[in-house]
file model_33.pdb (PDB, C-alpha atoms and all ligand atoms)
ATOM      1  CA  VAL A   1      16.938  -6.791 -13.879
ATOM      2  CA  ALA A   2      15.946 -10.176 -15.273
ATOM      3  CA  GLY A   3      18.281 -11.962 -12.848
ATOM      4  CA  LEU A   4      17.047  -9.963  -9.892
ATOM      5  CA  ARG A   5      13.437 -10.661 -10.799
ATOM      6  CA  ALA A   6      14.116 -14.372 -11.159
ATOM      7  CA  THR A   7      15.912 -14.530  -7.804
ATOM      8  CA  VAL A   8      13.181 -12.648  -5.968
ATOM      9  CA  LEU A   9      10.304 -14.571  -7.529
ATOM     10  CA  GLY A  10      12.058 -17.934  -7.136
ATOM     11  CA  TRP A  11      12.686 -17.345  -3.446
ATOM     12  CA  GLY A  12       9.170 -16.028  -2.983
ATOM     13  CA  ASP A  13       7.531 -19.054  -4.568
ATOM     14  CA  ALA A  14       9.266 -21.276  -2.013
ATOM     15  CA  HIS A  15       9.341 -19.107   1.096
ATOM     16  CA  ARG A  16       6.740 -16.329   0.999
ATOM     17  CA  ARG A  17       4.838 -16.112   4.287
ATOM     18  CA  ASP A  18       1.317 -17.454   4.322
ATOM     19  CA  LEU A  19      -0.762 -14.616   5.784
ATOM     20  CA  PRO A  20      -4.568 -14.374   5.881
ATOM     21  CA  TRP A  21      -4.665 -11.272   3.691
ATOM     22  CA  ARG A  22      -2.545 -13.084   1.137
ATOM     23  CA  ARG A  23      -5.246 -15.735   0.708
ATOM     24  CA  THR A  24      -7.789 -13.262  -0.640
ATOM     25  CA  ARG A  25      -8.103 -10.934  -3.610
ATOM     26  CA  ASP A  26     -11.127  -9.208  -2.081
ATOM     27  CA  PRO A  27     -10.358  -5.480  -2.446
ATOM     28  CA  TRP A  28     -12.054  -4.548   0.842
ATOM     29  CA  CYS A  29     -10.162  -7.168   2.874
ATOM     30  CA  ILE A  30      -6.921  -6.057   1.237
ATOM     31  CA  LEU A  31      -7.655  -2.408   1.982
ATOM     32  CA  VAL A  32      -8.384  -3.302   5.628
ATOM     33  CA  SER A  33      -5.136  -5.267   5.955
ATOM     34  CA  GLU A  34      -3.078  -2.508   4.350
ATOM     35  CA  VAL A  35      -4.509   0.166   6.638
ATOM     36  CA  MET A  36      -3.829  -2.093   9.633
ATOM     37  CA  LEU A  37      -0.262  -2.747   8.501
ATOM     38  CA  GLN A  38       0.533   0.983   8.360
ATOM     39  CA  GLN A  39       2.797   1.492  11.407
ATOM     40  CA  THR A  40       1.852  -1.856  12.981
ATOM     41  CA  SER A  41       3.685  -5.178  13.030
ATOM     42  CA  VAL A  42       2.423  -8.230  11.168
ATOM     43  CA  ALA A  43       2.122 -10.095  14.492
ATOM     44  CA  ARG A  44      -0.293  -7.552  15.934
ATOM     45  CA  VAL A  45      -2.324  -7.347  12.734
ATOM     46  CA  LEU A  46      -2.567 -11.156  12.648
ATOM     47  CA  ALA A  47      -4.263 -11.060  16.040
ATOM     48  CA  LEU A  48      -7.023  -8.720  14.913
ATOM     49  CA  TYR A  49      -7.501  -8.965  11.152
ATOM     50  CA  PRO A  50      -9.630 -12.175  11.086
ATOM     51  CA  SER A  51     -12.195 -10.956  13.611
ATOM     52  CA  PHE A  52     -12.324  -7.500  12.019
ATOM     53  CA  VAL A  53     -13.103  -8.715   8.498
ATOM     54  CA  ALA A  54     -15.571 -11.226   9.953
ATOM     55  CA  ALA A  55     -17.379  -8.375  11.723
ATOM     56  CA  TYR A  56     -17.187  -6.038   8.710
ATOM     57  CA  PRO A  57     -17.036  -8.226   5.597
ATOM     58  CA  SER A  58     -17.863  -5.370   3.223
ATOM     59  CA  PRO A  59     -17.481  -1.593   3.065
ATOM     60  CA  ALA A  60     -21.248  -1.152   3.472
ATOM     61  CA  GLU A  61     -21.343  -3.287   6.607
ATOM     62  CA  CYS A  62     -18.431  -1.338   8.056
ATOM     63  CA  ALA A  63     -20.039   1.987   7.148
ATOM     64  CA  ASP A  64     -23.412   0.950   8.595
ATOM     65  CA  ALA A  65     -21.850  -0.272  11.866
ATOM     66  CA  GLY A  66     -20.900   3.284  12.796
ATOM     67  CA  ARG A  67     -17.606   4.868  13.710
ATOM     68  CA  ALA A  68     -17.708   4.055  17.436
ATOM     69  CA  ALA A  69     -18.165   0.334  16.754
ATOM     70  CA  VAL A  70     -15.220   0.336  14.356
ATOM     71  CA  VAL A  71     -13.008   2.166  16.857
ATOM     72  CA  ARG A  72     -13.988  -0.405  19.500
ATOM     73  CA  SER A  73     -13.063  -3.218  17.124
ATOM     74  CA  TRP A  74      -9.668  -1.580  16.544
ATOM     75  CA  ALA A  75      -8.586  -2.225  20.156
ATOM     76  CA  GLY A  76      -5.052  -3.567  20.299
ATOM     77  CA  LEU A  77      -3.787  -2.021  17.069
ATOM     78  CA  GLY A  78      -3.020   1.518  18.240
ATOM     79  CA  TYR A  79      -3.012   4.658  16.084
ATOM     80  CA  ASN A  80      -6.794   4.800  16.431
ATOM     81  CA  ARG A  81      -7.184   7.608  13.931
ATOM     82  CA  ARG A  82      -6.700   4.915  11.294
ATOM     83  CA  ALA A  83      -9.981   3.334  12.445
ATOM     84  CA  VAL A  84     -11.737   6.667  11.938
ATOM     85  CA  ALA A  85     -10.196   7.038   8.484
ATOM     86  CA  LEU A  86     -11.089   3.463   7.525
ATOM     87  CA  HIS A  87     -14.692   4.011   8.579
ATOM     88  CA  ARG A  88     -14.808   7.234   6.567
ATOM     89  CA  ALA A  89     -13.386   5.360   3.581
ATOM     90  CA  ALA A  90     -16.085   2.692   4.004
ATOM     91  CA  VAL A  91     -18.765   5.390   3.988
ATOM     92  CA  ALA A  92     -17.282   6.939   0.824
ATOM     93  CA  ILE A  93     -17.105   3.541  -0.886
ATOM     94  CA  ARG A  94     -20.708   2.768   0.075
ATOM     95  CA  ASP A  95     -22.050   6.165  -0.964
ATOM     96  CA  GLU A  96     -19.871   7.144  -3.917
ATOM     97  CA  HIS A  97     -18.748   3.826  -5.413
ATOM     98  CA  ALA A  98     -21.866   1.679  -5.021
ATOM     99  CA  GLY A  99     -20.190  -0.315  -2.248
ATOM    100  CA  ARG A 100     -17.232  -1.445  -4.339
ATOM    101  CA  VAL A 101     -13.631  -0.500  -3.628
ATOM    102  CA  PRO A 102     -12.497   1.462  -6.697
ATOM    103  CA  SER A 103      -9.611   0.178  -8.794
ATOM    104  CA  ALA A 104      -8.385   3.480 -10.225
ATOM    105  CA  ARG A 105      -5.477   5.046  -8.360
ATOM    106  CA  ARG A 106      -7.002   8.509  -8.443
ATOM    107  CA  GLU A 107     -10.164   7.237  -6.751
ATOM    108  CA  LEU A 108      -8.244   5.164  -4.222
ATOM    109  CA  LEU A 109      -6.097   8.153  -3.273
ATOM    110  CA  ALA A 110      -9.241  10.202  -2.672
ATOM    111  CA  LEU A 111     -10.334   7.782   0.090
ATOM    112  CA  PRO A 112      -9.574   8.874   3.666
ATOM    113  CA  GLY A 113      -6.451   7.242   5.087
ATOM    114  CA  VAL A 114      -5.248   5.968   1.716
ATOM    115  CA  GLY A 115      -1.821   7.203   0.662
ATOM    116  CA  ALA A 116       0.454   6.264  -2.220
ATOM    117  CA  SER A 117       1.612   2.967  -0.748
ATOM    118  CA  THR A 118      -1.852   1.761   0.313
ATOM    119  CA  ALA A 119      -3.422   2.745  -3.023
ATOM    120  CA  ARG A 120      -0.765   0.853  -4.950
ATOM    121  CA  ALA A 121      -1.110  -2.156  -2.641
ATOM    122  CA  VAL A 122      -4.840  -2.359  -3.377
ATOM    123  CA  GLU A 123      -4.130  -1.981  -7.105
ATOM    124  CA  ALA A 124      -1.519  -4.733  -7.081
ATOM    125  CA  PHE A 125      -2.993  -7.187  -4.580
ATOM    126  CA  ALA A 126      -6.682  -6.897  -5.456
ATOM    127  CA  PHE A 127      -6.678  -5.899  -9.104
ATOM    128  CA  GLY A 128      -3.417  -7.411 -10.369
ATOM    129  CA  ALA A 129      -1.841  -4.118 -11.444
ATOM    130  CA  ASP A 130       1.911  -3.926 -12.064
ATOM    131  CA  ALA A 131       2.343  -1.245  -9.409
ATOM    132  CA  GLY A 132       5.495  -1.000  -7.318
ATOM    133  CA  ILE A 133       4.762  -0.586  -3.606
ATOM    134  CA  VAL A 134       7.235   1.293  -1.450
ATOM    135  CA  ASP A 135       7.008   0.832   2.292
ATOM    136  CA  THR A 136       9.865   1.436   4.714
ATOM    137  CA  ASN A 137      11.316  -2.054   4.239
ATOM    138  CA  VAL A 138      11.167  -1.955   0.462
ATOM    139  CA  ALA A 139      12.661   1.536   0.255
ATOM    140  CA  ARG A 140      15.607   0.364   2.347
ATOM    141  CA  LEU A 141      16.076  -2.792   0.279
ATOM    142  CA  LEU A 142      15.979  -0.913  -3.035
ATOM    143  CA  ALA A 143      18.487   1.647  -1.780
ATOM    144  CA  ARG A 144      20.909  -1.078  -0.738
ATOM    145  CA  ALA A 145      20.429  -3.836  -3.264
ATOM    146  CA  VAL A 146      19.638  -1.914  -6.443
ATOM    147  CA  ALA A 147      20.774   1.698  -6.179
ATOM    148  CA  ALA A 148      23.627   1.374  -3.653
ATOM    149  CA  ARG A 149      22.911   4.951  -2.675
ATOM    150  CA  PRO A 150      20.305   6.769  -0.602
ATOM    151  CA  LEU A 151      17.041   7.346  -2.449
ATOM    152  CA  THR A 152      14.449  10.052  -2.256
ATOM    153  CA  ARG A 153      10.822   8.953  -1.981
ATOM    154  CA  ALA A 154      10.337   9.654  -5.678
ATOM    155  CA  GLY A 155      13.543   7.810  -6.530
ATOM    156  CA  ALA A 156      12.515   4.713  -4.567
ATOM    157  CA  GLN A 157       9.106   4.778  -6.260
ATOM    158  CA  GLU A 158      10.733   5.012  -9.690
ATOM    159  CA  PHE A 159      12.900   1.966  -9.008
ATOM    160  CA  ALA A 160       9.937   0.083  -7.546
ATOM    161  CA  ASP A 161       7.742   0.730 -10.597
ATOM    162  CA  ALA A 162      10.480  -0.095 -13.096
ATOM    163  CA  LEU A 163      11.333  -3.423 -11.484
ATOM    164  CA  VAL A 164       7.867  -5.026 -11.251
ATOM    165  CA  PRO A 165       7.855  -8.067 -13.549
ATOM    166  CA  PRO A 166       4.875  -7.620 -15.905
ATOM    167  CA  GLY A 167       1.898  -9.638 -14.701
ATOM    168  CA  ARG A 168       3.609 -10.643 -11.432
ATOM    169  CA  GLY A 169       2.927  -7.557  -9.311
ATOM    170  CA  TRP A 170       1.287  -9.556  -6.540
ATOM    171  CA  GLU A 171       4.150 -12.042  -6.053
ATOM    172  CA  TRP A 172       6.850  -9.430  -6.576
ATOM    173  CA  ASN A 173       5.613  -6.943  -4.016
ATOM    174  CA  GLN A 174       4.673  -9.528  -1.388
ATOM    175  CA  THR A 175       8.113 -11.128  -1.706
ATOM    176  CA  LEU A 176       9.938  -7.806  -1.429
ATOM    177  CA  PHE A 177       8.023  -7.158   1.812
ATOM    178  CA  ASP A 178       9.273 -10.468   3.209
ATOM    179  CA  LEU A 179      12.852  -9.930   2.057
ATOM    180  CA  GLY A 180      12.903  -6.425   3.491
ATOM    181  CA  ALA A 181      11.443  -7.490   6.831
ATOM    182  CA  GLY A 182      13.302 -10.784   7.156
ATOM    183  CA  PHE A 183      16.762 -10.003   5.801
ATOM    184  CA  CYS A 184      17.296  -6.373   4.829
ATOM    185  CA  ARG A 185      16.569  -5.084   8.315
ATOM    186  CA  ALA A 186      17.178  -1.519   9.385
ATOM    187  CA  THR A 187      19.895  -2.479  11.834
ATOM    188  CA  GLY A 188      21.976  -5.567  11.262
ATOM    189  CA  PRO A 189      20.943  -6.646   7.768
ATOM    190  CA  ARG A 190      21.271 -10.431   7.448
ATOM    191  CA  CYS A 191      23.330 -10.434   4.264
ATOM    192  CA  GLY A 192      24.826 -13.909   4.853
ATOM    193  CA  PRO A 193      21.626 -15.903   4.348
ATOM    194  CA  CYS A 194      19.909 -13.260   2.150
ATOM    195  CA  PRO A 195      18.843 -14.702  -1.202
ATOM    196  CA  LEU A 196      19.881 -11.440  -2.892
ATOM    197  CA  ARG A 197      23.446 -11.465  -1.559
ATOM    198  CA  ARG A 198      25.028 -12.232  -4.964
ATOM    199  CA  ARG A 199      22.987  -9.570  -6.725
ATOM    200  CA  CYS A 200      22.947  -6.871  -4.058
ATOM    201  CA  ALA A 201      24.981  -3.856  -5.128
ATOM    202  CA  TRP A 202      25.787  -2.714  -1.594
ATOM    203  CA  ARG A 203      26.762  -6.210  -0.454
ATOM    204  CA  ARG A 204      28.984  -6.752  -3.505
ATOM    205  CA  ALA A 205      30.751  -3.502  -2.722
ATOM    206  CA  GLY A 206      31.510  -4.821   0.783
ATOM    207  CA  ASN A 207      28.749  -2.982   2.692
ATOM    208  CA  PRO A 208      30.642   0.338   2.795
ATOM    209  CA  GLU A 209      29.500   3.098   5.117
ATOM    210  CA  PRO A 210      27.363   5.115   4.993
ATOM    211  CA  ASP A 211      24.594   2.546   4.751
ATOM    212  CA  PRO A 212      22.388   3.698   1.831
ATOM    213  CA  GLY A 213      19.334   2.222   3.533
ATOM    214  CA  ARG A 214      19.752   4.338   6.624
ATOM    215  CA  HIS A 215      19.681   7.601   4.689
ATOM    216  CA  THR A 216      16.822   6.789   2.356
ATOM    217  CA  ALA A 217      13.649   8.866   2.634
ATOM    218  CA  GLY A 218      10.853   7.240   4.554
ATOM    219  CA  THR A 219      12.936   4.377   5.940
ATOM    220  CA  THR A 220      13.058   5.567   9.508
ATOM    221  CA  ARG A 221      10.159   6.387  11.742
ATOM    222  CA  PRO A 222      11.557   8.583  14.455
ATOM    223  CA  GLN A 223       9.423   8.126  17.509
ATOM    224  CA  GLY A 224       9.984   9.377  21.021
ATOM    225  CA  ARG A 225       9.617   7.299  24.159
ATOM    226  CA  PHE A 226       6.112   5.929  24.619
ATOM    227  CA  ALA A 227       6.173   5.931  28.421
ATOM    228  CA  GLY A 228       5.089   9.346  29.662
ATOM    229  CA  SER A 229       4.212  10.577  26.161
ATOM    230  CA  ASP A 230       0.977  12.145  24.962
ATOM    231  CA  ARG A 231       0.469   8.995  22.881
ATOM    232  CA  GLN A 232       0.347   6.942  26.060
ATOM    233  CA  GLY A 233      -2.278   9.179  27.662
ATOM    234  CA  ARG A 234      -4.223   9.259  24.455
ATOM    235  CA  GLY A 235      -4.181   5.453  24.281
ATOM    236  CA  ARG A 236      -5.426   5.199  27.871
ATOM    237  CA  LEU A 237      -8.220   7.653  27.189
ATOM    238  CA  VAL A 238      -9.393   5.852  24.044
ATOM    239  CA  ALA A 239      -9.273   2.543  25.959
ATOM    240  CA  ALA A 240     -11.529   4.068  28.648
ATOM    241  CA  LEU A 241     -13.894   5.441  25.995
ATOM    242  CA  ARG A 242     -14.174   1.995  24.444
ATOM    243  CA  ARG A 243     -15.650   0.813  27.752
ATOM    244  CA  ALA A 244     -17.958   3.778  28.435
ATOM    245  CA  PRO A 245     -18.270   7.567  28.095
ATOM    246  CA  VAL A 246     -15.990   9.513  30.449
ATOM    247  CA  ALA A 247     -17.333  12.416  32.512
ATOM    248  CA  ALA A 248     -15.456  15.708  32.131
ATOM    249  CA  SER A 249     -14.219  15.368  35.707
ATOM    250  CA  GLY A 250     -12.784  11.927  34.938
ATOM    251  CA  VAL A 251     -10.821  12.728  31.766
ATOM    252  CA  ALA A 252      -7.517  13.476  33.537
ATOM    253  CA  ALA A 253      -7.633  10.254  35.555
ATOM    254  CA  ALA A 254      -8.640   8.210  32.510
ATOM    255  CA  ALA A 255      -5.639   9.602  30.630
ATOM    256  CA  GLY A 256      -3.399   8.615  33.540
ATOM    257  CA  TRP A 257      -2.574  12.205  34.513
ATOM    258  CA  PRO A 258      -4.792  12.929  37.553
ATOM    259  CA  ASP A 259      -2.658  15.950  38.417
ATOM    260  CA  ASP A 260      -2.434  17.429  34.940
ATOM    261  CA  ALA A 261      -5.941  18.252  33.777
ATOM    262  CA  GLY A 262      -4.624  20.736  31.224
ATOM    263  CA  ARG A 263      -2.603  18.104  29.400
ATOM    264  CA  ALA A 264      -5.498  15.636  29.476
ATOM    265  CA  GLU A 265      -7.805  18.311  28.120
ATOM    266  CA  ARG A 266      -5.449  19.014  25.193
ATOM    267  CA  VAL A 267      -5.377  15.316  24.319
ATOM    268  CA  ALA A 268      -9.171  15.073  24.634
ATOM    269  CA  ALA A 269      -9.583  18.102  22.360
ATOM    270  CA  ALA A 270      -7.340  16.455  19.773
ATOM    271  CA  LEU A 271      -9.499  13.299  19.853
ATOM    272  CA  VAL A 272     -12.585  15.442  19.210
ATOM    273  CA  ALA A 273     -10.869  17.372  16.409
ATOM    274  CA  GLU A 274      -9.859  14.128  14.702
ATOM    275  CA  GLY A 275     -13.377  12.735  14.872
ATOM    276  CA  LEU A 276     -12.523   9.966  17.331
ATOM    277  CA  ALA A 277     -14.583  11.399  20.186
ATOM    278  CA  VAL A 278     -17.470  13.797  20.768
ATOM    279  CA  ARG A 279     -18.501  15.972  23.680
ATOM    280  CA  GLY A 280     -21.849  15.252  25.222
ATOM    281  CA  PRO A 281     -23.851  17.134  27.870
ATOM    282  CA  ALA A 282     -21.679  18.732  30.569
ATOM    283  CA  GLY A 283     -18.553  17.932  28.600
ATOM    284  CA  THR A 284     -18.846  14.153  28.850
ATOM    285  CA  LEU A 285     -16.522  12.544  26.332
ATOM    286  CA  ALA A 286     -17.707   9.590  24.240
ATOM    287  CA  LEU A 287     -16.591   7.737  21.134
ATOM    288  CA  ALA A 288     -17.907   9.507  18.045
TER     289      ALA A 288
HETATM  290  S1  LIG B 301      22.403  -8.740   0.790
HETATM  291 FE1  LIG B 301      22.158  -7.577   2.676
HETATM  292  S2  LIG B 301      21.927  -5.428   2.066
HETATM  293 FE2  LIG B 301      21.603  -6.707   0.258
HETATM  294  S3  LIG B 301      19.401  -7.021   0.129
HETATM  295 FE3  LIG B 301      20.231  -8.755   1.271
HETATM  296  S4  LIG B 301      20.133  -8.162   3.436
HETATM  297 FE4  LIG B 301      19.865  -6.293   2.191
END

call {"tool": "encode", "arguments": {"input": "model_33.pdb", "output": "structure tokens", "more": "lines below"}}
Ligand code: SF4
result
Amino acid sequence: VAGLRATVLGWGDAHRRDLPWRRTRDPWCILVSEVMLQQTSVARVLALYPSFVAAYPSPAECADAGRAAVVRSWAGLGYNRRAVALHRAAVAIRDEHAGRVPSARRELLALPGVGASTARAVEAFAFGADAGIVDTNVARLLARAVAARPLTRAGAQEFADALVPPGRGWEWNQTLFDLGAGFCRATGPRCGPCPLRRRCAWRRAGNPEPDPGRHTAGTTRPQGRFAGSDRQGRGRLVAALRRAPVAASGVAAAAGWPDDAGRAERVAAALVAEGLAVRGPAGTLALA
């Protein structure tokens, strides 16, 4: 464990990526970045994060701006329900925590849109806690390099917590993210140049099949084709709503399915149920 920690931290000190959310310890900015990074690439988050935190520099300012404004500001990131959840979290922080992001895990987990990984990220990156953060990349890396066998979610979390070097939770977790994304990739891990190659259990065993990373819980995100999917129509409809309310008669066209009003209506109803949209007079759809 000591050798692994030294290798990871040594590589991280020299090579860790410089990202805007790594230059701050502000709990709100870190929460925003972590919610954005759920299911979205670093490149896409980089394009939006600076303007978002400039527009909403505190939970209170985000809460006061209103949900529709926050959903408009989310354009380009996808998975718009995260914007709704983040706004709800901002309201809860403003109203129940005097405007300050809580530091206790129990309180973080009670915030809308905050799961185990996001709560631990805020603990580690904002408050310096020795919490192990398991995202898809880290789960895969731990399964290969440390366990050399597939891990359950709980198993990956146990390894992650046990390995954090005391007092170095920030550096440790950020570096594991970079190693997982840059070397220990889902397909075609780059073991040759990987700084962990001499310590990696799976590599030392000769990378035998089955790949422990591929069968570890939470390391794959099965997703159907985007083209022609409900997600695509939903994205089109939210994009139209960002511009202006959509009349009931225009919902099918806005979703890109002019000949399938039933499907468009189902997607519109889901947006309303999730709090992204509301129905106005005569069924006009608008951002909530
Ligand atoms: S040596 Fe290969 S399998 Fe092991 S951690 Fe590095 S990239 Fe992953």

call {"tool": "resolve_selection", "arguments": {"input": "model_33.pdb", "expression": "the PyMOL selection byres (((chain A and resi 110) around 12) and not hetatm)", "output": "ChimeraX atom specification"}}
result
/A:85,88-89,92-93,96-97,101-109,111-116,118-119

call {"tool": "write_last_selection", "arguments": {"input": "model_33.pdb", "atoms": "C-alpha atoms", "output": "PDB file, in the coordinates of the input"}}
result
ATOM      1  CA  ALA A  85     -10.196   7.038   8.484  1.00  0.00           C
ATOM      2  CA  ARG A  88     -14.808   7.234   6.567  1.00  0.00           C
ATOM      3  CA  ALA A  89     -13.386   5.360   3.581  1.00  0.00           C
ATOM      4  CA  ALA A  92     -17.282   6.939   0.824  1.00  0.00           C
ATOM      5  CA  ILE A  93     -17.105   3.541  -0.886  1.00  0.00           C
ATOM      6  CA  GLU A  96     -19.871   7.144  -3.917  1.00  0.00           C
ATOM      7  CA  HIS A  97     -18.748   3.826  -5.413  1.00  0.00           C
ATOM      8  CA  VAL A 101     -13.631  -0.500  -3.628  1.00  0.00           C
ATOM      9  CA  PRO A 102     -12.497   1.462  -6.697  1.00  0.00           C
ATOM     10  CA  SER A 103      -9.611   0.178  -8.794  1.00  0.00           C
ATOM     11  CA  ALA A 104      -8.385   3.480 -10.225  1.00  0.00           C
ATOM     12  CA  ARG A 105      -5.477   5.046  -8.360  1.00  0.00           C
ATOM     13  CA  ARG A 106      -7.002   8.509  -8.443  1.00  0.00           C
ATOM     14  CA  GLU A 107     -10.164   7.237  -6.751  1.00  0.00           C
ATOM     15  CA  LEU A 108      -8.244   5.164  -4.222  1.00  0.00           C
ATOM     16  CA  LEU A 109      -6.097   8.153  -3.273  1.00  0.00           C
ATOM     17  CA  LEU A 111     -10.334   7.782   0.090  1.00  0.00           C
ATOM     18  CA  PRO A 112      -9.574   8.874   3.666  1.00  0.00           C
ATOM     19  CA  GLY A 113      -6.451   7.242   5.087  1.00  0.00           C
ATOM     20  CA  VAL A 114      -5.248   5.968   1.716  1.00  0.00           C
ATOM     21  CA  GLY A 115      -1.821   7.203   0.662  1.00  0.00           C
ATOM     22  CA  ALA A 116       0.454   6.264  -2.220  1.00  0.00           C
ATOM     23  CA  THR A 118      -1.852   1.761   0.313  1.00  0.00           C
ATOM     24  CA  ALA A 119      -3.422   2.745  -3.023  1.00  0.00           C
TER      25      ALA A 119
END

call {"tool": "atom_distance", "arguments": {"input": "model_33.pdb", "atom1": "atom CA of A:Val134", "atom2": "atom CA of A:Met36"}}
result
16.0 Å

call {"tool": "residues_near_ligand", "arguments": {"input": "model_33.pdb", "ligand": "ligand LIG 301 (chain B)", "cutoff": "8 Å", "atoms": "only C-alpha atoms and all ligand atoms", "output": "list in words"}}
result
Arg140, Leu141, Leu142, Arg144, Ala145, Leu179, Gly180, Phe183, Cys184, Arg185, Pro189, Arg190, Cys191, Gly192, Pro193, Cys194, Pro195, Leu196, Arg197, Arg198, Arg199, Cys200, Ala201, Trp202, Arg203 and Asn207 of chain A

call {"tool": "resolve_selection", "arguments": {"input": "model_33.pdb", "expression": "the PyMOL selection byres (((chain A and resi 257) around 12) and not hetatm)", "output": "mmCIF file with C-alpha atoms, in the coordinates of the input"}}
result
data_model
loop_
_atom_site.group_PDB
_atom_site.id
_atom_site.type_symbol
_atom_site.label_atom_id
_atom_site.label_comp_id
_atom_site.auth_asym_id
_atom_site.auth_seq_id
_atom_site.Cartn_x
_atom_site.Cartn_y
_atom_site.Cartn_z
ATOM 1 C CA GLY A 228 5.089 9.346 29.662
ATOM 2 C CA SER A 229 4.212 10.577 26.161
ATOM 3 C CA ASP A 230 0.977 12.145 24.962
ATOM 4 C CA GLN A 232 0.347 6.942 26.060
ATOM 5 C CA GLY A 233 -2.278 9.179 27.662
ATOM 6 C CA ARG A 234 -4.223 9.259 24.455
ATOM 7 C CA ARG A 236 -5.426 5.199 27.871
ATOM 8 C CA LEU A 237 -8.220 7.653 27.189
ATOM 9 C CA GLY A 250 -12.784 11.927 34.938
ATOM 10 C CA VAL A 251 -10.821 12.728 31.766
ATOM 11 C CA ALA A 252 -7.517 13.476 33.537
ATOM 12 C CA ALA A 253 -7.633 10.254 35.555
ATOM 13 C CA ALA A 254 -8.640 8.210 32.510
ATOM 14 C CA ALA A 255 -5.639 9.602 30.630
ATOM 15 C CA GLY A 256 -3.399 8.615 33.540
ATOM 16 C CA PRO A 258 -4.792 12.929 37.553
ATOM 17 C CA ASP A 259 -2.658 15.950 38.417
ATOM 18 C CA ASP A 260 -2.434 17.429 34.940
ATOM 19 C CA ALA A 261 -5.941 18.252 33.777
ATOM 20 C CA GLY A 262 -4.624 20.736 31.224
ATOM 21 C CA ARG A 263 -2.603 18.104 29.400
ATOM 22 C CA ALA A 264 -5.498 15.636 29.476
ATOM 23 C CA GLU A 265 -7.805 18.311 28.120
ATOM 24 C CA ARG A 266 -5.449 19.014 25.193
ATOM 25 C CA VAL A 267 -5.377 15.316 24.319
#

call {"tool": "closest_residue", "arguments": {"input": "model_33.pdb", "among": "A:Ala240, A:Ala288, A:Ala217, A:Leu176", "to": "A:Thr7", "atoms": "all atoms listed in the file"}}
result
A:Leu176
